[in-house]
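K.L.:
Structure file protein-v9.cif (mmCIF, C-alpha atoms) right here:
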data_work
#
loop_
_atom_site.label_atom_id
_atom_site.label_comp_id
_atom_site.auth_asym_id
_atom_site.auth_seq_id
_atom_site.Cartn_x
_atom_site.Cartn_y
_atom_site.Cartn_z
CA MET A 1 -2.65 130.32 -30.20
CA ASP A 2 -6.18 129.40 -29.32
CA LEU A 3 -6.97 130.36 -25.72
CA THR A 4 -9.97 129.29 -23.64
CA VAL A 5 -10.04 130.65 -20.08
CA SER A 6 -12.43 128.96 -17.61
CA PRO A 7 -12.96 130.75 -14.27
CA PHE A 8 -14.42 128.55 -11.49
CA GLY A 9 -16.21 129.67 -8.35
CA VAL A 10 -17.76 132.82 -9.80
CA GLY A 11 -21.08 131.50 -11.08
CA LEU A 12 -22.29 130.77 -14.57
CA SER A 13 -21.63 133.99 -16.42
CA VAL A 14 -17.99 134.24 -17.37
CA SER A 15 -18.13 136.77 -20.20
CA GLU A 16 -16.98 139.58 -17.89
CA TYR A 17 -13.71 137.71 -17.29
CA ILE A 18 -13.21 136.83 -20.93
CA ALA A 19 -13.57 140.53 -21.72
CA VAL A 20 -10.81 141.37 -19.23
CA CYS A 21 -8.48 138.89 -20.93
CA HIS A 22 -9.43 140.37 -24.29
CA GLU A 23 -8.31 143.80 -23.07
CA ILE A 24 -4.96 142.34 -22.01
CA ILE A 25 -4.53 140.90 -25.52
CA GLU A 26 -5.32 144.29 -27.06
CA ARG A 27 -2.94 146.11 -24.72
CA GLU A 28 -0.16 143.71 -25.75
CA GLY A 29 -0.84 144.77 -29.36
CA LEU A 30 -1.65 141.28 -30.61
CA GLU A 31 -4.13 140.47 -33.32
CA SER A 32 -6.95 138.29 -32.03
CA ARG A 33 -10.32 136.93 -32.98
CA LEU A 34 -13.01 135.83 -30.56
CA HIS A 35 -15.05 132.69 -31.30
CA ALA A 36 -17.72 130.84 -29.36
CA PHE A 37 -15.26 128.64 -27.44
CA GLY A 38 -12.16 130.81 -27.12
CA THR A 39 -9.93 133.37 -28.79
CA ASN A 40 -7.43 132.98 -31.63
CA ILE A 41 -4.31 135.05 -30.94
CA GLU A 42 -1.45 135.70 -33.35
CA GLY A 43 2.05 136.72 -32.29
CA GLU A 44 5.49 135.76 -31.08
CA TRP A 45 5.77 133.00 -28.47
CA ASP A 46 6.74 135.17 -25.48
CA ALA A 47 4.08 137.80 -26.20
CA VAL A 48 1.17 135.40 -26.49
CA PHE A 49 2.21 133.45 -23.38
CA ARG A 50 2.70 136.70 -21.43
CA VAL A 51 -0.96 137.41 -22.18
CA VAL A 52 -2.05 134.08 -20.70
CA LYS A 53 -0.07 134.68 -17.51
CA GLU A 54 -1.37 138.24 -17.11
CA CYS A 55 -4.90 137.03 -17.65
CA HIS A 56 -4.60 134.45 -14.84
CA GLU A 57 -2.98 137.05 -12.54
CA LYS A 58 -5.62 139.69 -13.27
CA LEU A 59 -8.57 137.31 -12.78
CA HIS A 60 -7.16 136.05 -9.47
CA GLU A 61 -6.78 139.73 -8.40
CA MET A 62 -10.46 140.22 -9.29
CA GLY A 63 -11.27 137.42 -6.86
CA VAL A 64 -11.57 134.39 -9.13
CA PRO A 65 -10.34 131.56 -6.88
CA ARG A 66 -9.69 128.92 -9.53
CA ILE A 67 -8.88 129.15 -13.24
CA THR A 68 -8.23 126.51 -15.87
CA SER A 69 -7.04 127.57 -19.30
CA SER A 70 -7.06 125.38 -22.33
CA ILE A 71 -4.46 126.40 -24.90
CA LYS A 72 -3.60 125.22 -28.39
CA VAL A 73 -0.34 126.63 -29.71
CA GLY A 74 1.10 126.02 -33.15
CA THR A 75 4.59 126.72 -34.49
CA ARG A 76 6.05 125.85 -37.87
CA ILE A 77 9.45 126.48 -39.45
CA ASP A 78 8.69 125.45 -43.04
CA ARG A 79 6.82 128.65 -43.92
CA ASP A 80 4.96 131.67 -42.57
CA GLN A 81 1.26 131.16 -42.02
CA SER A 82 -1.14 133.64 -40.43
CA MET A 83 -4.49 132.86 -38.76
CA ASP A 84 -6.17 134.15 -41.93
CA ASP A 85 -4.00 131.94 -44.14
CA LYS A 86 -5.19 128.86 -42.27
CA ILE A 87 -8.86 129.74 -42.76
CA THR A 88 -8.37 130.77 -46.40
CA SER A 89 -6.57 127.51 -47.11
CA VAL A 90 -9.58 125.45 -45.98
CA GLN A 91 -12.08 127.71 -47.72
CA SER A 92 -10.25 127.46 -51.04
CA LYS A 93 -10.75 123.67 -50.88
CA LEU A 94 -14.46 124.14 -50.27
CA ASP A 95 -15.04 126.22 -53.38
CA MET B 1 -0.28 121.56 -16.44
CA ASP B 2 -1.33 118.87 -18.82
CA LEU B 3 0.80 118.96 -22.00
CA THR B 4 0.17 117.15 -25.29
CA VAL B 5 2.74 117.78 -28.01
CA SER B 6 1.79 116.83 -31.59
CA PRO B 7 4.60 116.84 -34.18
CA PHE B 8 3.45 116.97 -37.82
CA GLY B 9 5.39 115.98 -40.91
CA VAL B 10 7.46 113.23 -39.29
CA GLY B 11 5.25 110.20 -39.82
CA LEU B 12 3.08 108.24 -37.46
CA SER B 13 5.40 107.39 -34.63
CA VAL B 14 5.83 110.36 -32.33
CA SER B 15 7.03 108.67 -29.13
CA GLU B 16 10.65 109.62 -29.87
CA TYR B 17 9.69 113.30 -29.72
CA ILE B 18 7.57 112.92 -26.61
CA ALA B 19 10.59 111.30 -24.94
CA VAL B 20 12.73 114.34 -25.81
CA CYS B 21 10.18 116.64 -24.18
CA HIS B 22 10.10 114.36 -21.16
CA GLU B 23 13.87 114.76 -20.76
CA ILE B 24 13.44 118.54 -20.85
CA ILE B 25 10.87 118.30 -18.06
CA GLU B 26 13.25 116.17 -15.99
CA ARG B 27 16.17 118.52 -16.56
CA GLU B 28 14.00 121.40 -15.34
CA GLY B 29 13.49 119.41 -12.13
CA LEU B 30 9.71 119.28 -12.40
CA GLU B 31 7.57 116.43 -11.21
CA SER B 32 5.63 114.86 -14.08
CA ARG B 33 3.53 111.87 -14.95
CA LEU B 34 3.02 110.45 -18.42
CA HIS B 35 -0.45 109.27 -19.49
CA ALA B 36 -1.81 107.92 -22.76
CA PHE B 37 -2.70 111.38 -24.17
CA GLY B 38 -0.10 113.67 -22.62
CA THR B 39 1.93 114.49 -19.53
CA ASN B 40 0.87 116.02 -16.21
CA ILE B 41 3.50 118.50 -15.01
CA GLU B 42 3.61 120.20 -11.61
CA GLY B 43 5.49 123.43 -10.90
CA GLU B 44 5.61 127.19 -10.93
CA TRP B 45 4.14 129.01 -13.93
CA ASP B 46 7.41 130.19 -15.52
CA ALA B 47 9.12 126.82 -15.11
CA VAL B 48 6.36 124.74 -16.70
CA PHE B 49 5.93 127.16 -19.61
CA ARG B 50 9.71 127.29 -20.15
CA VAL B 51 9.51 123.54 -20.68
CA VAL B 52 6.87 123.92 -23.39
CA LYS B 53 8.94 126.52 -25.24
CA GLU B 54 12.14 124.45 -25.00
CA CYS B 55 10.29 121.41 -26.24
CA HIS B 56 9.05 123.26 -29.37
CA GLU B 57 12.54 124.69 -29.97
CA LYS B 58 14.27 121.34 -29.56
CA LEU B 59 11.83 119.46 -31.81
CA HIS B 60 12.17 122.09 -34.56
CA GLU B 61 15.99 121.73 -34.23
CA MET B 62 15.53 117.97 -34.71
CA GLY B 63 13.77 118.74 -37.99
CA VAL B 64 10.10 118.64 -37.04
CA PRO B 65 8.58 121.24 -39.38
CA ARG B 66 5.26 121.78 -37.61
CA ILE B 67 4.18 121.32 -33.99
CA THR B 68 0.87 121.85 -32.25
CA SER B 69 0.71 121.60 -28.47
CA SER B 70 -2.45 121.29 -26.49
CA ILE B 71 -2.09 122.60 -22.95
CA LYS B 72 -4.37 122.65 -19.92
CA VAL B 73 -3.08 124.84 -17.11
CA GLY B 74 -4.74 125.28 -13.73
CA THR B 75 -4.08 127.86 -11.02
CA ARG B 76 -5.93 128.41 -7.78
CA ILE B 77 -5.45 130.86 -4.90
CA ASP B 78 -7.88 129.37 -2.38
CA ARG B 79 -5.60 126.52 -1.34
CA ASP B 80 -2.62 124.38 -2.32
CA GLN B 81 -3.44 121.33 -4.38
CA SER B 82 -0.94 118.93 -5.94
CA MET B 83 -1.53 116.60 -8.89
CA ASP B 84 -1.83 113.75 -6.39
CA ASP B 85 -4.36 115.70 -4.28
CA LYS B 86 -6.62 116.02 -7.32
CA ILE B 87 -6.58 112.30 -8.01
CA THR B 88 -6.96 111.34 -4.34
CA SER B 89 -9.92 113.69 -4.03
CA VAL B 90 -11.83 111.87 -6.78
CA GLN B 91 -10.82 108.43 -5.53
CA SER B 92 -12.04 109.17 -1.99
CA LYS B 93 -15.50 109.82 -3.49
CA LEU B 94 -15.41 106.49 -5.29
CA ASP B 95 -14.81 104.44 -2.16
CA MET C 1 -10.17 109.00 -25.36
CA ASP C 2 -9.02 111.55 -22.84
CA LEU C 3 -12.01 113.14 -21.10
CA THR C 4 -12.04 116.25 -18.88
CA VAL C 5 -15.44 117.25 -17.52
CA SER C 6 -15.82 120.76 -16.10
CA PRO C 7 -19.02 121.50 -14.14
CA PHE C 8 -19.83 125.22 -13.72
CA GLY C 9 -22.09 126.82 -11.15
CA VAL C 10 -21.46 124.31 -8.35
CA GLY C 11 -18.52 125.87 -6.57
CA LEU C 12 -14.86 124.95 -6.54
CA SER C 13 -14.89 121.32 -5.60
CA VAL C 14 -15.74 119.19 -8.59
CA SER C 15 -14.33 115.81 -7.55
CA GLU C 16 -17.79 114.56 -6.57
CA TYR C 17 -18.95 115.01 -10.17
CA ILE C 18 -15.83 113.45 -11.67
CA ALA C 19 -16.47 110.42 -9.45
CA VAL C 20 -20.00 110.10 -10.84
CA CYS C 21 -18.63 110.08 -14.39
CA HIS C 22 -16.07 107.50 -13.33
CA GLU C 23 -18.85 105.22 -12.15
CA ILE C 24 -20.57 105.58 -15.53
CA ILE C 25 -17.33 104.53 -17.25
CA GLU C 26 -17.05 101.49 -14.99
CA ARG C 27 -20.67 100.50 -15.55
CA GLU C 28 -20.05 100.64 -19.32
CA GLY C 29 -17.24 98.14 -18.73
CA LEU C 30 -14.52 100.34 -20.22
CA GLU C 31 -10.95 100.41 -19.05
CA SER C 32 -9.95 103.81 -17.75
CA ARG C 33 -7.23 105.60 -15.86
CA LEU C 34 -7.63 108.80 -13.89
CA HIS C 35 -4.95 111.51 -14.08
CA ALA C 36 -4.69 114.98 -12.60
CA PHE C 37 -6.46 116.69 -15.53
CA GLY C 38 -8.87 114.06 -16.81
CA THR C 39 -9.42 110.39 -17.48
CA ASN C 40 -8.01 108.14 -20.20
CA ILE C 41 -10.69 105.78 -21.52
CA GLU C 42 -10.18 102.87 -23.89
CA GLY C 43 -12.92 101.33 -26.01
CA GLU C 44 -14.99 101.36 -29.16
CA TRP C 45 -16.18 104.72 -30.51
CA ASP C 46 -19.88 104.39 -29.62
CA ALA C 47 -19.18 103.10 -26.12
CA VAL C 48 -16.78 105.85 -25.10
CA PHE C 49 -19.00 108.59 -26.52
CA ARG C 50 -22.08 107.08 -24.84
CA VAL C 51 -20.20 107.56 -21.56
CA VAL C 52 -19.65 111.26 -22.27
CA LYS C 53 -23.34 111.81 -23.06
CA GLU C 54 -24.50 109.90 -19.96
CA CYS C 55 -22.09 111.86 -17.82
CA HIS C 56 -23.51 115.20 -19.05
CA GLU C 57 -27.09 113.94 -18.57
CA LYS C 58 -26.41 112.61 -15.07
CA LEU C 59 -24.63 115.78 -13.90
CA HIS C 60 -27.47 117.99 -15.20
CA GLU C 61 -29.93 115.71 -13.32
CA MET C 62 -27.85 116.29 -10.18
CA GLY C 63 -28.39 120.02 -10.66
CA VAL C 64 -25.23 121.12 -12.45
CA PRO C 65 -26.49 123.96 -14.67
CA ARG C 66 -23.57 124.19 -17.09
CA ILE C 67 -20.96 121.66 -18.21
CA THR C 68 -18.05 121.90 -20.61
CA SER C 69 -16.16 118.77 -21.54
CA SER C 70 -12.81 118.71 -23.22
CA ILE C 71 -12.21 115.53 -25.20
CA LYS C 72 -9.24 114.15 -27.11
CA VAL C 73 -10.10 111.11 -29.20
CA GLY C 74 -7.65 109.11 -31.26
CA THR C 75 -8.30 106.50 -33.95
CA ARG C 76 -5.81 104.70 -36.17
CA ILE C 77 -6.18 102.06 -38.86
CA ASP C 78 -2.52 101.14 -39.37
CA ARG C 79 -2.24 99.02 -36.22
CA ASP C 80 -3.74 98.26 -32.81
CA GLN C 81 -2.44 100.39 -29.97
CA SER C 82 -3.71 100.36 -26.40
CA MET C 83 -3.36 103.14 -23.81
CA ASP C 84 -0.55 101.12 -22.24
CA ASP C 85 1.21 100.67 -25.59
CA LYS C 86 1.36 104.46 -26.01
CA ILE C 87 2.98 104.95 -22.61
CA THR C 88 5.36 102.00 -23.01
CA SER C 89 6.44 103.31 -26.41
CA VAL C 90 7.59 106.63 -24.90
CA GLN C 91 9.19 104.98 -21.88
CA SER C 92 11.25 102.61 -24.03
CA LYS C 93 12.79 105.69 -25.70
CA LEU C 94 13.68 107.14 -22.30
CA ASP C 95 15.67 104.12 -21.20
CA MET D 1 -19.01 122.14 -29.94
CA ASP D 2 -15.57 123.22 -30.96
CA LEU D 3 -13.90 120.58 -33.14
CA THR D 4 -10.23 120.35 -34.14
CA VAL D 5 -9.33 117.39 -36.34
CA SER D 6 -5.63 116.48 -36.65
CA PRO D 7 -4.70 113.95 -39.36
CA PHE D 8 -1.28 112.30 -38.93
CA GLY D 9 0.82 110.59 -41.55
CA VAL D 10 -0.30 112.68 -44.52
CA GLY D 11 2.25 115.47 -44.48
CA LEU D 12 1.98 119.07 -43.39
CA SER D 13 -0.99 120.37 -45.30
CA VAL D 14 -4.20 119.29 -43.65
CA SER D 15 -6.67 121.82 -45.06
CA GLU D 16 -7.96 119.31 -47.62
CA TYR D 17 -9.10 117.04 -44.77
CA ILE D 18 -10.62 119.87 -42.75
CA ALA D 19 -12.62 120.81 -45.85
CA VAL D 20 -14.00 117.25 -46.07
CA CYS D 21 -15.16 117.45 -42.45
CA HIS D 22 -16.71 120.82 -43.18
CA GLU D 23 -18.77 119.27 -45.97
CA ILE D 24 -20.00 116.59 -43.55
CA ILE D 25 -21.11 119.33 -41.13
CA GLU D 26 -22.96 121.11 -43.93
CA ARG D 27 -24.65 117.92 -45.11
CA GLU D 28 -25.86 117.30 -41.55
CA GLY D 29 -27.50 120.76 -41.73
CA LEU D 30 -25.63 122.17 -38.74
CA GLU D 31 -24.57 125.76 -38.36
CA SER D 32 -20.81 126.09 -38.10
CA ARG D 33 -18.05 128.63 -38.17
CA LEU D 34 -14.44 127.97 -39.08
CA HIS D 35 -11.64 129.60 -37.08
CA ALA D 36 -7.86 129.30 -37.22
CA PHE D 37 -7.69 126.34 -34.81
CA GLY D 38 -10.96 124.50 -35.41
CA THR D 39 -14.65 124.80 -36.15
CA ASN D 40 -17.51 125.91 -33.90
CA ILE D 41 -20.58 123.72 -34.49
CA GLU D 42 -24.06 124.30 -33.10
CA GLY D 43 -26.70 121.59 -32.76
CA GLU D 44 -28.19 118.75 -30.79
CA TRP D 45 -25.82 116.31 -29.07
CA ASP D 46 -26.36 113.30 -31.35
CA ALA D 47 -26.10 115.35 -34.54
CA VAL D 48 -22.82 117.07 -33.67
CA PHE D 49 -21.21 113.85 -32.45
CA ARG D 50 -22.41 111.98 -35.56
CA VAL D 51 -20.43 114.55 -37.54
CA VAL D 52 -17.25 113.79 -35.60
CA LYS D 53 -17.62 110.05 -36.16
CA GLU D 54 -18.35 110.46 -39.88
CA CYS D 55 -15.37 112.74 -40.24
CA HIS D 56 -13.02 110.15 -38.71
CA GLU D 57 -14.54 107.39 -40.87
CA LYS D 58 -14.31 109.42 -44.07
CA LEU D 59 -10.70 110.51 -43.46
CA HIS D 60 -9.62 106.93 -42.75
CA GLU D 61 -11.36 105.89 -46.01
CA MET D 62 -9.30 108.57 -47.76
CA GLY D 63 -6.18 106.89 -46.43
CA VAL D 64 -5.37 108.91 -43.33
CA PRO D 65 -3.82 106.30 -41.02
CA ARG D 66 -4.10 108.17 -37.71
CA ILE D 67 -6.42 110.92 -36.51
CA THR D 68 -6.66 112.77 -33.22
CA SER D 69 -9.57 115.10 -32.63
CA SER D 70 -9.75 117.65 -29.90
CA ILE D 71 -13.31 118.50 -28.91
CA LYS D 72 -14.85 121.00 -26.54
CA VAL D 73 -18.55 120.45 -25.94
CA GLY D 74 -20.79 122.62 -23.80
CA THR D 75 -24.30 121.95 -22.50
CA ARG D 76 -26.40 124.06 -20.15
CA ILE D 77 -29.90 123.66 -18.74
CA ASP D 78 -30.37 127.10 -17.17
CA ARG D 79 -31.07 128.89 -20.46
CA ASP D 80 -30.69 128.77 -24.23
CA GLN D 81 -27.47 130.20 -25.58
CA SER D 82 -26.31 130.14 -29.20
CA MET D 83 -22.72 130.47 -30.47
CA ASP D 84 -23.54 134.06 -31.39
CA ASP D 85 -24.95 134.78 -27.93
CA LYS D 86 -21.65 133.75 -26.36
CA ILE D 87 -19.64 136.09 -28.56
CA THR D 88 -22.11 138.97 -28.19
CA SER D 89 -22.04 138.57 -24.42
CA VAL D 90 -18.28 139.15 -24.30
CA GLN D 91 -18.37 141.97 -26.83
CA SER D 92 -21.04 143.85 -24.87
CA LYS D 93 -18.62 143.90 -21.90
CA LEU D 94 -15.88 145.34 -24.11
CA ASP D 95 -17.90 148.33 -25.24
#
For this file, produce the structure as structure tokens.
P.N.:
Amino acid sequence: MDLTVSPFGVGLSVSEYIAVCHEIIEREGLESRLHAFGTNIEGEWDAVFRVVKECHEKLHEMGVPRITSSIKVGTRIDRDQSMDDKITSVQSKLD
Amino acid sequence: MDLTVSPFGVGLSVSEYIAVCHEIIEREGLESRLHAFGTNIEGEWDAVFRVVKECHEKLHEMGVPRITSSIKVGTRIDRDQSMDDKITSVQSKLD
Amino acid sequence: MDLTVSPFGVGLSVSEYIAVCHEIIEREGLESRLHAFGTNIEGEWDAVFRVVKECHEKLHEMGVPRITSSIKVGTRIDRDQSMDDKITSVQSKLD
Amino acid sequence: MDLTVSPFGVGLSVSEYIAVCHEIIEREGLESRLHAFGTNIEGEWDAVFRVVKECHEKLHEMGVPRITSSIKVGTRIDRDQSMDDKITSVQSKLD
């Protein structure tokens, strides 16, 4: 999953809220990697989506009135493929 | 929620698969509206996300090897706002 | 194209800004359709992307300090397909 | 910008095409970073969008019949902020 959480109504600096979501990901025991527009998360369907729900709930509790999340989620049944595999696969074509 | 389901490995025409997901939305009893790049869905968190999971499961059962979904999900605690409210709000500014 | 413009730092109500972008689309002479999470826009590559740039420029001029846009853009060389064709194609499978 | 290019009609393995887009980014002289669901790109508006257009054109030339790109683009006028600044800002809240 690639998750981008956008809190509205709390000003311009949103990194505090992203950090809270990151802690929820960690607590769930999922592997993740932060990038400049979101966070890659690796795990089973229910676990990764539980994280998104908890993140919305927690941010609303903290007083964020409005949240929009943008999510990309990929599943495949032909073979296993980790986040690292996807990156390595592109990089091998670049060399 | 705005949901865009992209099946890979089944050729160029994907409308058959989008229609299957649409039936899952209907069966769940959720209000939805199709647009040219996805489907707006209105409902409680667990219900709309159950639809996304069932759609991935069903498409894999139908033989789609790889699926990526792009999801926008919005929650707000300051007031109720339906899909129609959002559109009406913009349109009232245009008049 | 499907375009979702998110202005940050101007409070919770963003419909005013979406309406401004809508006027830019109209002025460019492009066909468009508003939905609850964005706007479908049909046209040539340079025209639709000019709209996105003008929308960011105009909103910054109006005092919006930070803007994130989420864009889906589709091109195909196998055949012509309008926004309406995409929707009709799914609906014909539902009947 | 965060750019995710999805080629349709060429089977399941798309890393070859992502690598081609990556070369276009490099040739344009833009800083970029690959992640598991796309590529972060830093630069001026016209330069980063030129890359997206060239990538679509090049992939169609290579025979890809249908392409959908998902783009997030952020602009702000209150202060300078690099891709690294965004990540560092979240990480400082985690420590």
K.L.:
Between CA of Ala47 (chain D) and CA of Pro7 (chain A), what distance in Å does the model show, to one decimal?
P.N.:
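Answer for the CA of Ala47 (chain D) to CA of Pro7 (chain A) separation: 28.6 Å.
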K.L.:
At a cut-off of 8 Å, which residues of chain B touch chain C? Count all atoms listed in the file and give the answer as a list in words.
P.N.:
Met1, Asp2, Ser15, Glu16, Ile18, Ala19, Glu23, Leu34, His35, Ala36, Phe37, Asn40, Lys72, Met83, Asp84, Lys86, Ile87, Ser89, Val90, Gln91, Lys93 and Leu94 of chain B
K.L.:
Give chain C as a short mmCIF file (atom, residue, chain, number, x, y, z; two decimals) with C-alpha atoms, keeping the file's coordinate frame once it has been least-squares superposed onto chain D over every C-alpha atom, paired in order.
P.N.:
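Result file is result-v1.cif:
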data_model
loop_
_atom_site.label_atom_id
_atom_site.label_comp_id
_atom_site.auth_asym_id
_atom_site.auth_seq_id
_atom_site.Cartn_x
_atom_site.Cartn_y
_atom_site.Cartn_z
CA MET C 1 -19.03 122.14 -29.96
CA ASP C 2 -15.56 123.24 -30.96
CA LEU C 3 -13.91 120.59 -33.14
CA THR C 4 -10.23 120.36 -34.15
CA VAL C 5 -9.33 117.39 -36.34
CA SER C 6 -5.64 116.49 -36.66
CA PRO C 7 -4.71 113.96 -39.37
CA PHE C 8 -1.29 112.30 -38.93
CA GLY C 9 0.80 110.57 -41.55
CA VAL C 10 -0.32 112.69 -44.52
CA GLY C 11 2.24 115.47 -44.48
CA LEU C 12 1.97 119.07 -43.38
CA SER C 13 -0.98 120.35 -45.31
CA VAL C 14 -4.19 119.27 -43.67
CA SER C 15 -6.66 121.81 -45.06
CA GLU C 16 -7.96 119.31 -47.61
CA TYR C 17 -9.10 117.04 -44.77
CA ILE C 18 -10.61 119.87 -42.74
CA ALA C 19 -12.63 120.80 -45.84
CA VAL C 20 -13.99 117.26 -46.07
CA CYS C 21 -15.16 117.44 -42.45
CA HIS C 22 -16.71 120.81 -43.18
CA GLU C 23 -18.76 119.28 -45.96
CA ILE C 24 -19.99 116.59 -43.56
CA ILE C 25 -21.11 119.32 -41.13
CA GLU C 26 -22.97 121.11 -43.92
CA ARG C 27 -24.64 117.92 -45.11
CA GLU C 28 -25.86 117.31 -41.54
CA GLY C 29 -27.48 120.74 -41.73
CA LEU C 30 -25.63 122.16 -38.73
CA GLU C 31 -24.57 125.74 -38.37
CA SER C 32 -20.82 126.09 -38.09
CA ARG C 33 -18.04 128.64 -38.17
CA LEU C 34 -14.44 127.97 -39.08
CA HIS C 35 -11.63 129.60 -37.07
CA ALA C 36 -7.86 129.31 -37.21
CA PHE C 37 -7.69 126.33 -34.81
CA GLY C 38 -10.95 124.49 -35.41
CA THR C 39 -14.64 124.81 -36.14
CA ASN C 40 -17.51 125.91 -33.91
CA ILE C 41 -20.58 123.73 -34.49
CA GLU C 42 -24.05 124.30 -33.10
CA GLY C 43 -26.69 121.59 -32.76
CA GLU C 44 -28.18 118.75 -30.79
CA TRP C 45 -25.82 116.31 -29.05
CA ASP C 46 -26.35 113.30 -31.34
CA ALA C 47 -26.08 115.36 -34.52
CA VAL C 48 -22.82 117.08 -33.67
CA PHE C 49 -21.20 113.86 -32.45
CA ARG C 50 -22.41 111.99 -35.55
CA VAL C 51 -20.43 114.55 -37.55
CA VAL C 52 -17.25 113.80 -35.60
CA LYS C 53 -17.62 110.05 -36.15
CA GLU C 54 -18.35 110.46 -39.88
CA CYS C 55 -15.38 112.75 -40.24
CA HIS C 56 -13.02 110.15 -38.70
CA GLU C 57 -14.54 107.39 -40.87
CA LYS C 58 -14.31 109.43 -44.07
CA LEU C 59 -10.70 110.52 -43.45
CA HIS C 60 -9.62 106.92 -42.73
CA GLU C 61 -11.36 105.89 -46.00
CA MET C 62 -9.31 108.57 -47.78
CA GLY C 63 -6.18 106.88 -46.44
CA VAL C 64 -5.37 108.91 -43.34
CA PRO C 65 -3.82 106.30 -41.02
CA ARG C 66 -4.09 108.17 -37.72
CA ILE C 67 -6.42 110.92 -36.51
CA THR C 68 -6.67 112.78 -33.23
CA SER C 69 -9.59 115.10 -32.64
CA SER C 70 -9.77 117.66 -29.91
CA ILE C 71 -13.33 118.50 -28.91
CA LYS C 72 -14.86 121.02 -26.53
CA VAL C 73 -18.56 120.46 -25.95
CA GLY C 74 -20.79 122.63 -23.82
CA THR C 75 -24.30 121.96 -22.50
CA ARG C 76 -26.41 124.06 -20.15
CA ILE C 77 -29.90 123.66 -18.74
CA ASP C 78 -30.37 127.09 -17.18
CA ARG C 79 -31.05 128.89 -20.46
CA ASP C 80 -30.67 128.77 -24.24
CA GLN C 81 -27.45 130.21 -25.58
CA SER C 82 -26.30 130.14 -29.20
CA MET C 83 -22.73 130.46 -30.49
CA ASP C 84 -23.54 134.06 -31.39
CA ASP C 85 -24.95 134.78 -27.93
CA LYS C 86 -21.64 133.73 -26.36
CA ILE C 87 -19.64 136.09 -28.57
CA THR C 88 -22.12 138.97 -28.20
CA SER C 89 -22.06 138.56 -24.42
CA VAL C 90 -18.28 139.13 -24.30
CA GLN C 91 -18.38 141.96 -26.83
CA SER C 92 -21.05 143.86 -24.88
CA LYS C 93 -18.64 143.89 -21.90
CA LEU C 94 -15.88 145.32 -24.09
CA ASP C 95 -17.91 148.31 -25.20
#
K.L.:
Using the chain letters and numbers from this file, what does the PyMOL selection byres ((chain C and resi 62-64) around 12) select? Give the answer as a VMD selection string.
P.N.:
(chain A and resid 11 to 12) or (chain C and resid 5 to 11 14 16 to 17 20 to 21 55 to 61 65 to 68) or (chain D and resid 75 to 78)
K.L.:
Would you compute an axis-aligned box for region 86-92 of chain A, covering every atom listed for it in the file with 4 Å of margin on each side, and report centre and edge lengths in Å to one decimal as JSON?
P.N.:
{"center_x": -8.6, "center_y": 128.1, "center_z": -46.7, "size_x": 14.9, "size_y": 13.3, "size_z": 16.8}
K.L.:
Between CA of Ser69 (chain C) and CA of Phe49 (chain A), what is the spacing in Å?
P.N.:
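If I compute the distance from CA of Phe49 (chain A) to CA of Ser69 (chain C), I get 23.6 Å.
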K.L.:
Quote the spacing between CA of Arg50 (chain C) and CA of Asp46 (chain D) in Å to one decimal place.
P.N.:
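Pair CA of Arg50 (chain C) / CA of Asp46 (chain D) returns 10.0 Å.
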K.L.:
Counting all atoms listed in the file, I want the residues whose atoms come within 12 Å of (-25.9, 120.0, -44.3) in the file frame, returned as a VMD selection string.
P.N.:
chain D and resid 21 to 32 41 43 47 to 48 51
